[in-house]
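Asker: See structure29.txt below, with compact mmCIF, C-alpha atoms and all ligand atoms.
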```
# COMPACT_ATOMS: atom_id res chain seq x y z
CA MET A 6 -35.15 -6.03 12.28
CA ASN A 7 -31.73 -7.42 11.58
CA ALA A 8 -28.53 -5.60 12.57
CA VAL A 9 -28.18 -3.77 9.24
CA GLU A 10 -31.79 -2.57 9.39
CA ARG A 11 -31.24 -1.37 12.95
CA TYR A 12 -28.10 0.44 11.79
CA VAL A 13 -30.05 2.23 9.06
CA ALA A 14 -32.85 3.16 11.44
CA ARG A 15 -30.45 4.45 14.07
CA ASN A 16 -28.23 6.60 11.84
CA PRO A 17 -30.29 8.95 9.65
CA ARG A 18 -27.73 11.75 9.99
CA SER A 19 -24.87 9.56 8.79
CA ALA A 20 -27.06 8.55 5.86
CA ALA A 21 -27.85 12.18 5.05
CA ARG A 22 -24.17 13.13 5.31
CA ALA A 23 -23.20 10.41 2.86
CA GLN A 24 -25.88 11.55 0.45
CA ALA A 25 -24.96 15.23 0.68
CA ALA A 26 -21.21 14.59 0.45
CA SER A 27 -21.67 12.52 -2.68
CA THR A 28 -22.58 15.69 -4.59
CA VAL A 29 -19.01 16.98 -4.12
CA MET A 30 -16.89 13.85 -3.53
CA PRO A 31 -17.06 10.58 -5.44
CA GLY A 32 -19.30 8.39 -3.33
CA GLY A 33 -19.12 11.02 -0.61
CA ASN A 34 -15.69 9.62 0.22
CA THR A 35 -12.07 10.77 0.31
CA ARG A 36 -10.59 7.60 1.87
CA THR A 37 -11.75 4.34 0.33
CA VAL A 38 -11.27 2.13 3.41
CA LEU A 39 -13.91 4.09 5.33
CA HIS A 40 -16.72 3.22 2.95
CA PHE A 41 -19.21 0.46 3.62
CA ASP A 42 -22.74 -0.22 2.46
CA PRO A 43 -25.48 0.85 2.93
CA PHE A 44 -23.66 4.05 4.04
CA PRO A 45 -20.68 4.64 6.35
CA LEU A 46 -21.01 5.84 9.92
CA ALA A 47 -19.79 9.40 10.53
CA PHE A 48 -18.61 10.94 13.77
CA GLU A 49 -19.05 14.27 15.40
CA ARG A 50 -16.24 14.08 17.93
CA GLY A 51 -13.94 11.86 19.94
CA GLU A 52 -12.87 11.88 23.54
CA GLY A 53 -10.44 9.48 25.20
CA ALA A 54 -11.37 6.02 23.95
CA TYR A 55 -14.82 7.04 22.75
CA LEU A 56 -16.33 8.31 19.53
CA TYR A 57 -19.67 10.10 19.25
CA SER A 58 -21.59 9.62 16.03
CA LEU A 59 -23.47 12.33 14.14
CA ASP A 60 -26.59 10.63 15.44
CA GLY A 61 -25.45 11.12 19.02
CA ASP A 62 -24.46 7.58 20.01
CA ARG A 63 -21.31 6.75 21.92
CA TYR A 64 -19.02 4.01 20.62
CA VAL A 65 -15.99 2.46 22.25
CA ASP A 66 -13.28 3.08 19.66
CA LEU A 67 -11.59 -0.27 19.15
CA LEU A 68 -10.28 0.68 15.72
CA GLY A 69 -7.84 3.28 17.02
CA GLU A 70 -7.65 4.91 13.57
CA PHE A 71 -6.07 1.80 12.02
CA THR A 72 -3.19 2.13 14.57
CA ALA A 73 -2.61 5.90 14.24
CA GLY A 74 -4.92 6.58 17.18
CA LEU A 75 -2.81 4.81 19.79
CA TYR A 76 -2.92 7.84 22.10
CA GLY A 77 -6.71 8.13 21.98
CA HIS A 78 -8.65 11.23 21.01
CA SER A 79 -7.72 13.74 23.65
CA ASN A 80 -4.54 12.85 25.47
CA PRO A 81 -3.72 16.07 27.35
CA VAL A 82 0.04 15.78 26.79
CA ILE A 83 -0.44 15.46 23.03
CA LEU A 84 -3.02 18.26 22.93
CA ASP A 85 -0.66 20.55 24.88
CA ALA A 86 2.17 19.78 22.50
CA ILE A 87 0.00 20.63 19.51
CA ARG A 88 -1.17 23.87 21.12
CA ARG A 89 2.41 24.81 21.98
CA ALA A 90 3.43 24.27 18.39
CA LEU A 91 0.53 26.36 17.11
CA ASP A 92 1.34 29.17 19.54
CA GLY A 93 4.81 29.36 17.97
CA GLY A 94 3.41 29.82 14.48
CA ILE A 95 2.89 27.37 11.65
CA SER A 96 4.47 26.73 8.25
CA PHE A 97 7.97 28.22 8.64
CA GLY A 98 9.34 27.18 5.27
CA GLY A 99 12.61 26.56 7.07
CA HIS A 100 14.19 24.16 9.52
CA ASN A 101 12.87 24.13 13.07
CA ALA A 102 14.20 22.81 16.37
CA LEU A 103 11.65 20.03 16.63
CA GLU A 104 12.55 17.79 13.68
CA HIS A 105 15.96 17.03 15.16
CA ARG A 106 14.42 15.97 18.51
CA LEU A 107 11.84 13.69 16.87
CA ALA A 108 14.62 12.14 14.78
CA GLU A 109 16.61 11.47 17.97
CA LEU A 110 13.62 9.79 19.58
CA VAL A 111 12.94 7.66 16.51
CA THR A 112 16.55 6.53 16.12
CA GLU A 113 16.76 5.71 19.85
CA ARG A 114 13.57 3.67 19.79
CA PHE A 115 13.92 1.68 16.58
CA GLU A 116 17.15 -0.29 16.39
CA PRO A 117 17.36 -0.60 12.58
CA ILE A 118 17.17 3.19 12.13
CA GLU A 119 20.51 5.04 12.22
CA LEU A 120 19.37 7.92 10.05
CA VAL A 121 15.77 8.92 9.44
CA ARG A 122 13.71 11.15 7.17
CA PHE A 123 10.14 12.25 7.68
CA THR A 124 7.25 12.21 5.22
CA ASN A 125 3.54 12.93 5.43
CA SER A 126 2.34 9.36 5.14
CA GLY A 127 3.38 5.76 5.31
CA THR A 128 2.79 5.52 1.57
CA GLU A 129 5.40 8.17 0.86
CA ALA A 130 7.83 6.57 3.29
CA ASN A 131 7.63 3.29 1.38
CA LEU A 132 7.98 5.04 -1.99
CA MET A 133 11.14 6.82 -0.81
CA ALA A 134 12.60 3.65 0.73
CA LEU A 135 12.03 1.82 -2.57
CA ALA A 136 13.66 4.66 -4.53
CA LEU A 137 16.69 4.35 -2.27
CA ALA A 138 16.90 0.59 -2.74
CA LEU A 139 16.72 0.88 -6.54
CA HIS A 140 19.33 3.64 -6.53
CA ASN A 141 21.65 1.72 -4.25
CA THR A 142 21.49 -1.59 -6.11
CA GLN A 143 21.09 -0.24 -9.65
CA ARG A 144 18.45 -2.96 -10.04
CA THR A 145 14.71 -2.66 -10.59
CA LYS A 146 12.82 -5.70 -9.26
CA VAL A 147 10.96 -5.48 -5.98
CA LEU A 148 9.62 -8.49 -4.12
CA VAL A 149 6.32 -7.98 -2.28
CA PHE A 150 3.71 -10.43 -1.02
CA THR A 151 0.11 -11.35 -1.68
CA GLY A 152 -2.16 -9.53 0.76
CA ALA A 153 0.39 -6.79 1.42
CA TYR A 154 -0.62 -3.18 1.84
CA HIS A 155 2.17 -0.61 1.74
CA GLY A 156 0.03 2.40 0.94
CA GLY A 157 -2.64 3.78 -1.36
CA VAL A 158 -0.43 3.28 -4.40
CA LEU A 159 1.36 0.18 -3.11
CA ALA A 160 -1.27 -2.50 -2.60
CA PHE A 161 -1.34 -6.18 -3.53
CA PRO A 162 -4.59 -7.45 -2.04
CA THR A 163 -5.04 -10.41 -4.37
CA GLY A 164 -1.48 -11.00 -5.46
CA VAL A 165 -1.53 -8.61 -8.39
CA PRO A 166 -0.80 -4.90 -8.00
CA SER A 167 -4.03 -2.97 -7.40
CA SER A 168 -5.17 -0.83 -10.33
CA VAL A 169 -3.68 2.34 -8.80
CA THR A 170 -0.38 0.80 -7.66
CA VAL A 171 2.74 2.52 -9.02
CA PRO A 172 4.45 0.74 -11.90
CA HIS A 173 7.52 -0.79 -10.29
CA ASP A 174 8.95 -4.06 -11.58
CA TRP A 175 7.03 -6.17 -9.03
CA VAL A 176 7.62 -9.80 -8.16
CA VAL A 177 4.84 -11.10 -5.90
CA GLY A 178 5.46 -14.00 -3.52
CA ALA A 179 3.30 -15.95 -1.08
CA TYR A 180 3.47 -14.48 2.42
CA ASP A 181 5.23 -16.65 4.99
CA ASP A 182 6.13 -19.29 2.38
CA VAL A 183 9.77 -19.88 3.30
CA GLU A 184 10.93 -22.17 0.52
CA GLY A 185 8.82 -20.67 -2.28
CA THR A 186 10.09 -17.21 -1.44
CA ARG A 187 13.69 -18.34 -1.15
CA ALA A 188 13.42 -19.72 -4.69
CA LEU A 189 11.93 -16.43 -5.97
CA ILE A 190 14.73 -14.40 -4.39
CA ARG A 191 17.37 -16.60 -6.00
CA GLU A 192 15.62 -16.51 -9.38
CA HIS A 193 15.26 -12.72 -9.64
CA GLU A 194 18.03 -10.20 -9.14
CA LEU A 195 16.13 -8.08 -6.64
CA ALA A 196 16.66 -4.46 -5.71
CA ALA A 197 14.45 -4.77 -2.67
CA ILE A 198 12.27 -7.01 -0.57
CA LEU A 199 9.42 -5.00 0.94
CA VAL A 200 7.54 -6.84 3.68
CA GLU A 201 5.25 -6.24 6.64
CA PRO A 202 6.44 -8.34 9.60
CA MET A 203 2.71 -8.91 10.13
CA LEU A 204 0.20 -8.42 7.30
CA GLY A 205 -1.87 -5.53 8.64
CA SER A 206 -4.64 -4.70 6.17
CA GLY A 207 -4.27 -8.26 4.97
CA GLY A 208 -5.83 -9.50 8.22
CA CYS A 209 -3.24 -9.24 11.04
CA ILE A 210 -1.38 -12.37 9.96
CA PRO A 211 2.06 -12.48 11.61
CA ALA A 212 5.03 -13.85 9.66
CA SER A 213 6.98 -16.66 11.25
CA LYS A 214 10.43 -15.87 12.61
CA ALA A 215 11.80 -18.44 10.15
CA PHE A 216 10.34 -16.46 7.21
CA LEU A 217 11.83 -13.16 8.35
CA GLU A 218 15.20 -14.79 9.08
CA MET A 219 15.20 -16.38 5.63
CA LEU A 220 14.48 -12.96 4.05
CA ARG A 221 17.37 -11.47 6.01
CA ALA A 222 19.80 -14.20 4.99
CA GLU A 223 18.78 -14.21 1.32
CA ALA A 224 18.78 -10.42 1.06
CA THR A 225 22.31 -10.33 2.43
CA ALA A 226 23.45 -13.14 0.14
CA THR A 227 21.96 -11.60 -3.01
CA GLY A 228 22.56 -7.91 -2.31
CA ALA A 229 18.87 -6.98 -2.13
CA VAL A 230 17.80 -4.27 0.30
CA LEU A 231 15.49 -5.65 2.99
CA ILE A 232 12.77 -3.15 3.91
CA PHE A 233 10.43 -3.81 6.81
CA ASP A 234 7.22 -1.84 6.47
CA GLU A 235 6.45 -1.25 10.14
CA VAL A 236 3.91 1.50 9.56
CA MET A 237 1.43 -0.59 11.54
CA THR A 238 3.67 -2.94 13.49
CA SER A 239 6.23 -0.61 15.05
CA ARG A 240 4.17 -0.62 18.26
CA LEU A 241 4.72 -4.39 18.63
CA PRO A 242 7.76 -5.98 20.28
CA PRO A 243 10.67 -6.14 17.78
CA THR A 244 10.85 -9.26 15.64
CA GLY A 245 14.52 -9.85 16.40
CA VAL A 246 15.39 -9.60 12.69
CA LEU A 247 17.08 -6.40 11.52
CA PRO A 248 16.14 -4.99 8.11
CA ASP A 249 18.31 -2.59 6.12
CA LEU A 250 15.52 0.00 6.00
CA MET A 251 12.38 0.40 8.06
CA THR A 252 9.31 2.52 7.40
CA LEU A 253 7.05 4.07 10.01
CA GLY A 254 3.83 6.04 10.18
CA LYS A 255 0.59 6.28 12.13
CA TYR A 256 0.94 6.93 15.90
CA VAL A 257 4.64 7.90 15.67
CA GLY A 258 3.51 11.40 14.65
CA GLY A 259 1.30 11.66 17.73
CA GLY A 260 -1.81 11.13 15.62
CA MET A 261 -0.99 13.88 13.10
CA SER A 262 -0.16 13.19 9.42
CA PHE A 263 3.09 11.26 9.48
CA GLY A 264 5.47 8.85 7.85
CA ALA A 265 9.17 8.11 8.17
CA PHE A 266 11.79 5.96 6.53
CA GLY A 267 15.20 5.18 7.88
CA GLY A 268 17.86 2.59 8.36
CA LYS A 269 21.51 1.99 7.75
CA ARG A 270 23.62 5.11 7.64
CA SER A 271 25.47 3.82 4.56
CA LEU A 272 22.17 3.66 2.63
CA MET A 273 20.39 6.70 4.02
CA GLU A 274 23.36 8.99 3.34
CA ALA A 275 22.30 8.99 -0.31
CA TYR A 276 19.66 11.54 0.76
CA ASP A 277 22.28 13.97 2.15
CA PRO A 278 21.56 17.10 0.09
CA ALA A 279 25.15 18.30 0.46
CA ARG A 280 26.24 15.46 -1.80
CA PRO A 281 26.59 16.32 -5.47
CA ASP A 282 24.76 13.11 -6.45
CA ALA A 283 22.14 13.29 -3.68
CA LEU A 284 18.73 11.70 -4.05
CA ALA A 285 16.05 14.36 -3.65
CA HIS A 286 13.34 13.97 -1.09
CA ALA A 287 10.75 16.73 -1.12
CA GLY A 288 7.61 17.36 0.90
CA THR A 289 6.23 20.71 2.01
CA PHE A 290 4.98 19.32 5.31
CA ASN A 291 7.78 16.83 6.09
CA ASN A 292 8.96 18.83 9.12
CA ASN A 293 5.68 20.56 10.01
CA VAL A 294 5.76 21.73 13.60
CA VAL A 295 2.40 20.23 14.57
CA THR A 296 3.39 16.68 13.70
CA MET A 297 6.91 17.08 15.06
CA SER A 298 5.66 18.44 18.37
CA ALA A 299 2.91 15.84 18.79
CA GLY A 300 5.30 13.04 17.86
CA ILE A 301 7.93 14.19 20.36
CA ALA A 302 5.38 14.42 23.18
CA GLY A 303 3.99 10.99 22.40
CA LEU A 304 7.29 9.16 22.24
CA SER A 305 9.02 10.99 25.09
CA GLU A 306 6.19 11.48 27.59
CA VAL A 307 3.29 9.14 26.88
CA LEU A 308 4.42 5.94 25.21
CA THR A 309 6.91 4.74 27.80
CA PRO A 310 8.22 1.19 27.36
CA GLY A 311 6.01 0.13 30.28
CA ALA A 312 2.87 1.66 28.79
CA LEU A 313 3.51 -0.01 25.45
CA GLU A 314 4.24 -3.38 27.03
CA ALA A 315 1.01 -3.21 29.03
CA LEU A 316 -1.00 -2.31 25.92
CA ASN A 317 0.41 -5.24 23.98
CA ALA A 318 -0.11 -7.64 26.90
CA ARG A 319 -3.71 -6.48 27.07
CA GLY A 320 -4.13 -7.21 23.36
CA ASP A 321 -2.62 -10.67 23.76
CA ARG A 322 -5.13 -11.41 26.54
CA LEU A 323 -8.07 -10.05 24.58
CA ARG A 324 -7.18 -12.09 21.50
CA ALA A 325 -6.88 -15.28 23.55
CA GLU A 326 -10.22 -14.62 25.26
CA LEU A 327 -12.01 -13.91 21.97
CA ASN A 328 -10.61 -17.10 20.48
CA ASP A 329 -11.79 -18.96 23.59
CA LEU A 330 -15.28 -17.61 22.92
CA GLY A 331 -15.13 -19.34 19.54
CA LEU A 332 -14.11 -16.48 17.25
CA ASN A 333 -11.27 -16.68 14.76
CA VAL A 334 -8.93 -13.86 15.77
CA THR A 335 -5.34 -13.41 14.58
CA GLY A 336 -2.71 -10.80 15.34
CA ARG A 337 0.03 -9.86 17.75
CA GLY A 338 -0.03 -7.67 20.82
CA SER A 339 -2.44 -4.77 20.59
CA LEU A 340 -3.32 -5.45 16.91
CA MET A 341 -5.79 -8.07 15.77
CA THR A 342 -8.41 -8.98 13.21
CA ILE A 343 -11.66 -10.78 13.96
CA HIS A 344 -12.24 -12.90 10.89
CA ASP A 345 -15.90 -13.52 11.74
CA ASP A 346 -18.46 -11.01 10.45
CA LEU A 347 -19.90 -9.32 13.53
CA PHE A 348 -19.55 -5.75 12.33
CA PHE A 349 -23.14 -4.47 12.37
CA GLU A 350 -24.02 -6.37 15.53
CA LEU A 351 -21.00 -4.88 17.31
CA LEU A 352 -21.98 -1.41 16.09
CA ASP A 353 -25.40 -2.03 17.52
CA ALA A 354 -23.79 -2.87 20.86
CA GLY A 355 -21.72 0.34 20.76
CA PHE A 356 -18.32 -0.84 19.51
CA TRP A 357 -16.48 0.70 16.57
CA LEU A 358 -13.98 -1.40 14.65
CA ALA A 359 -12.97 -1.74 11.01
CA LYS A 360 -15.54 -3.24 8.68
CA ARG A 361 -12.99 -5.93 7.94
CA GLY A 362 -12.73 -6.73 11.66
CA MET A 363 -9.51 -4.95 12.56
CA ILE A 364 -8.90 -3.82 16.13
CA ALA A 365 -5.98 -1.61 17.26
CA LEU A 366 -6.15 -0.97 20.98
CA SER A 367 -5.46 2.56 22.18
CA LEU A 368 -4.05 3.63 25.54
CA PRO A 369 -7.25 5.09 27.07
CA ILE A 370 -9.36 1.95 26.61
CA THR A 371 -10.29 0.59 30.03
CA ASP A 372 -10.71 -2.94 31.35
CA GLU A 373 -14.43 -2.16 31.67
CA ASP A 374 -14.58 -1.27 27.97
CA LEU A 375 -13.01 -4.61 27.08
CA ALA A 376 -15.22 -6.52 29.53
CA GLY A 377 -18.24 -4.89 27.85
CA PHE A 378 -16.87 -5.90 24.48
CA LYS A 379 -16.49 -9.54 25.50
CA THR A 380 -20.04 -9.53 26.89
CA ALA A 381 -21.31 -8.08 23.61
CA VAL A 382 -19.50 -10.77 21.63
CA THR A 383 -20.89 -13.49 23.91
CA ASP A 384 -24.44 -12.13 23.51
CA ILE A 385 -24.10 -11.99 19.71
CA LEU A 386 -22.82 -15.55 19.56
CA ASP A 387 -25.57 -16.74 21.94
CA ARG A 388 -28.24 -15.15 19.76
CA ARG A 389 -26.82 -16.96 16.74
CA CYS A 390 -26.95 -20.42 18.33
N1 LIG B 1 2.06 0.43 5.23
C1 LIG B 1 1.22 -0.23 6.03
C2 LIG B 1 1.64 -1.54 6.59
C3 LIG B 1 -0.02 0.34 6.35
O1 LIG B 1 -0.85 -0.33 7.14
C4 LIG B 1 -0.35 1.60 5.82
C5 LIG B 1 -1.67 2.28 6.15
N2 LIG B 1 -2.69 1.52 6.59
C6 LIG B 1 0.56 2.23 5.00
C7 LIG B 1 1.76 1.62 4.73
C8 LIG B 1 0.25 3.55 4.39
O2 LIG B 1 0.25 4.55 5.32
P1 LIG B 1 -0.53 5.93 5.01
O3 LIG B 1 -1.98 5.60 5.05
O4 LIG B 1 -0.08 6.84 6.10
O5 LIG B 1 -0.08 6.38 3.68
```
Would you mind writing the structure in this file as structure tokens?

Answerer:
Amino acid sequence: MNAVERYVARNPRSAARAQAASTVMPGGNTRTVLHFDPFPLAFERGEGAYLYSLDGDRYVDLLGEFTAGLYGHSNPVILDAIRRALDGGISFGGHNALEHRLAELVTERFEPIELVRFTNSGTEANLMALALALHNTQRTKVLVFTGAYHGGVLAFPTGVPSSVTVPHDWVVGAYDDVEGTRALIREHELAAILVEPMLGSGGCIPASKAFLEMLRAEATATGAVLIFDEVMTSRLPPTGVLPDLMTLGKYVGGGMSFGAFGGKRSLMEAYDPARPDALAHAGTFNNNVVTMSAGIAGLSEVLTPGALEALNARGDRLRAELNDLGLNVTGRGSLMTIHDDLFFELLDAGFWLAKRGMIALSLPITDEDLAGFKTAVTDILDRRC
């Protein structure tokens, strides 16, 4: 049996779930990225750094929910915060005391953000940041890059907007191409430049400092708004380049539904609802107490600068070791993509990662987990020789 055949044999319940769910959801799916053939793996529960499949197997969770799962599955501080919020009642339909505290923590932590607003997803955060840039500049063109992913309706996997991407006036450049991009910026009168400091979905490809510095200089010179989409990368050390706006998501809400956009006071003030010409920003769940409470606990009690530094150092070591084993692994800090196809063999060895090879380390992963992972990789490569 090959690894795919073993996967099929080992996971009859996941197969049955996919089949049954497909009678009420297209393809049994409500989140495209989770699908893979012959059928996707489904989980029963998670604990710490581990996931337990419907078929009862334990997997080390190296995917970390595409970066949102940084705290792991059952951090007691986060769980307490969520329970506290629930005990106080849900869905107020009014302001609460928590949103202000989370905003303080976010503005303290992320240097580009003077004023912040919350959303329910990274996608929304990027949409609102773009709306602000267009409003501020009274221009329409937005520069993005091939391979970029800024959300379900903001994706450019092959250099053209995906079929469900919103109809902005897009200009698409080549990622990390300094001179080509400089020329594009000078050619088009841009409202905004929207860029991930490291392509996340696009394969954990970091931009060079020179590229980001060029974007900063050209945005300033031409009056375009520079937006860093840090929905994935905000856990990494800062790039040293300051955008005008920054978007966040994922772990910042403690693992609950979350997004945020923020930046320069002079720009963000356009969303002040007391202004007669204010931009509107709606969202029933923008200040929901569960996300606010989990986010506060995570940023103030769990993700200390030391804890984050250690996590990123661990990722840097792992990436170097995997490359030494002969794999092609790119990324920064705790985020990386293995560009070799080991997916089903790693599943067989008890490791969960994205089908496309993405790994986002979470806090509860142990050195033993990673040692086991390196052994599994070595065994797979040995078998292939
Ligand atoms: N931007 C980037 C860089 C992302 O990686 C993602 C999600 N993977 C998003 C935006 C969209 O975030 P969400 O899924 O919360 O809408």

Asker: In Å, with one decimal, what is the gap from CA of Thr244 (chain A) to CA of Leu204 (chain A)?

Answerer: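 Pair CA of Thr244 (chain A) / CA of Leu204 (chain A) returns 13.6 Å.
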
Asker: Tell me which of A:Leu84, A:Ile198, A:Ala14, A:Met203 sits closest to Gly300 (chain A), counting all atoms listed in the file.

Answerer: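 Checking each of A:Leu84, A:Ile198, A:Ala14, A:Met203 against Gly300 (chain A), counting all atoms listed in the file, the winner is A:Leu84.
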
Asker: Please, which residues have at least one atom within 9 Å of an atom of ligand LIG 1 (chain B), using all atoms listed in the file, listed as a VMD selection string?

Answerer: chain A and resid 71 to 73 125 to 131 153 to 160 200 to 207 234 to 238 252 to 255 262 to 264

Asker: Hey, what's within 10 Å of Ala315 (chain A) if we count only C-alpha atoms and toss same-chain stuff fewer than 5 positions away? As number ranges by chain, please?

Answerer: A: 309-310, 320-321, 338-339, 368

Asker: Determine the axis-aligned bounding box of all atoms of region 160-178 of chain A present in the file, pad each side by 5 Å, and express its centre and edge lengths in Å to one decimal place as JSON.

Answerer:
```
{"center_x": 1.9, "center_y": -5.7, "center_z": -7.0, "size_x": 24.1, "size_y": 26.5, "size_z": 19.9}
```

Asker: Go through region 279-378 of chain A and flag each residue having an atom no more than 10 Å from region 33-45 of chain A; for those, report the closest pair of atoms plus their distance in Å to one decimal, using only C-alpha atoms, ordered by chain and rising number, as JSON lines.

Answerer:
```
{"residue": "A:Ala359", "atom": "CA", "partner": "A:Leu39", "partner_atom": "CA", "distance": 8.2}
{"residue": "A:Lys360", "atom": "CA", "partner": "A:Phe41", "partner_atom": "CA", "distance": 7.3}
{"residue": "A:Arg361", "atom": "CA", "partner": "A:Val38", "partner_atom": "CA", "distance": 9.4}
```

Asker: Please indicate the distance in Å from CA of Ala136 (chain A) to CA of Thr296 (chain A), rounded to one decimal place.

Answerer: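 Going from CA of Ala136 (chain A) over to CA of Thr296 (chain A) covers 24.1 Å.
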
Asker: May I ask for the distance between CA of Ser305 (chain A) and CA of Leu247 (chain A), given in Å to one decimal place?

Answerer: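 If I compute the distance from CA of Ser305 (chain A) to CA of Leu247 (chain A), I get 23.5 Å.
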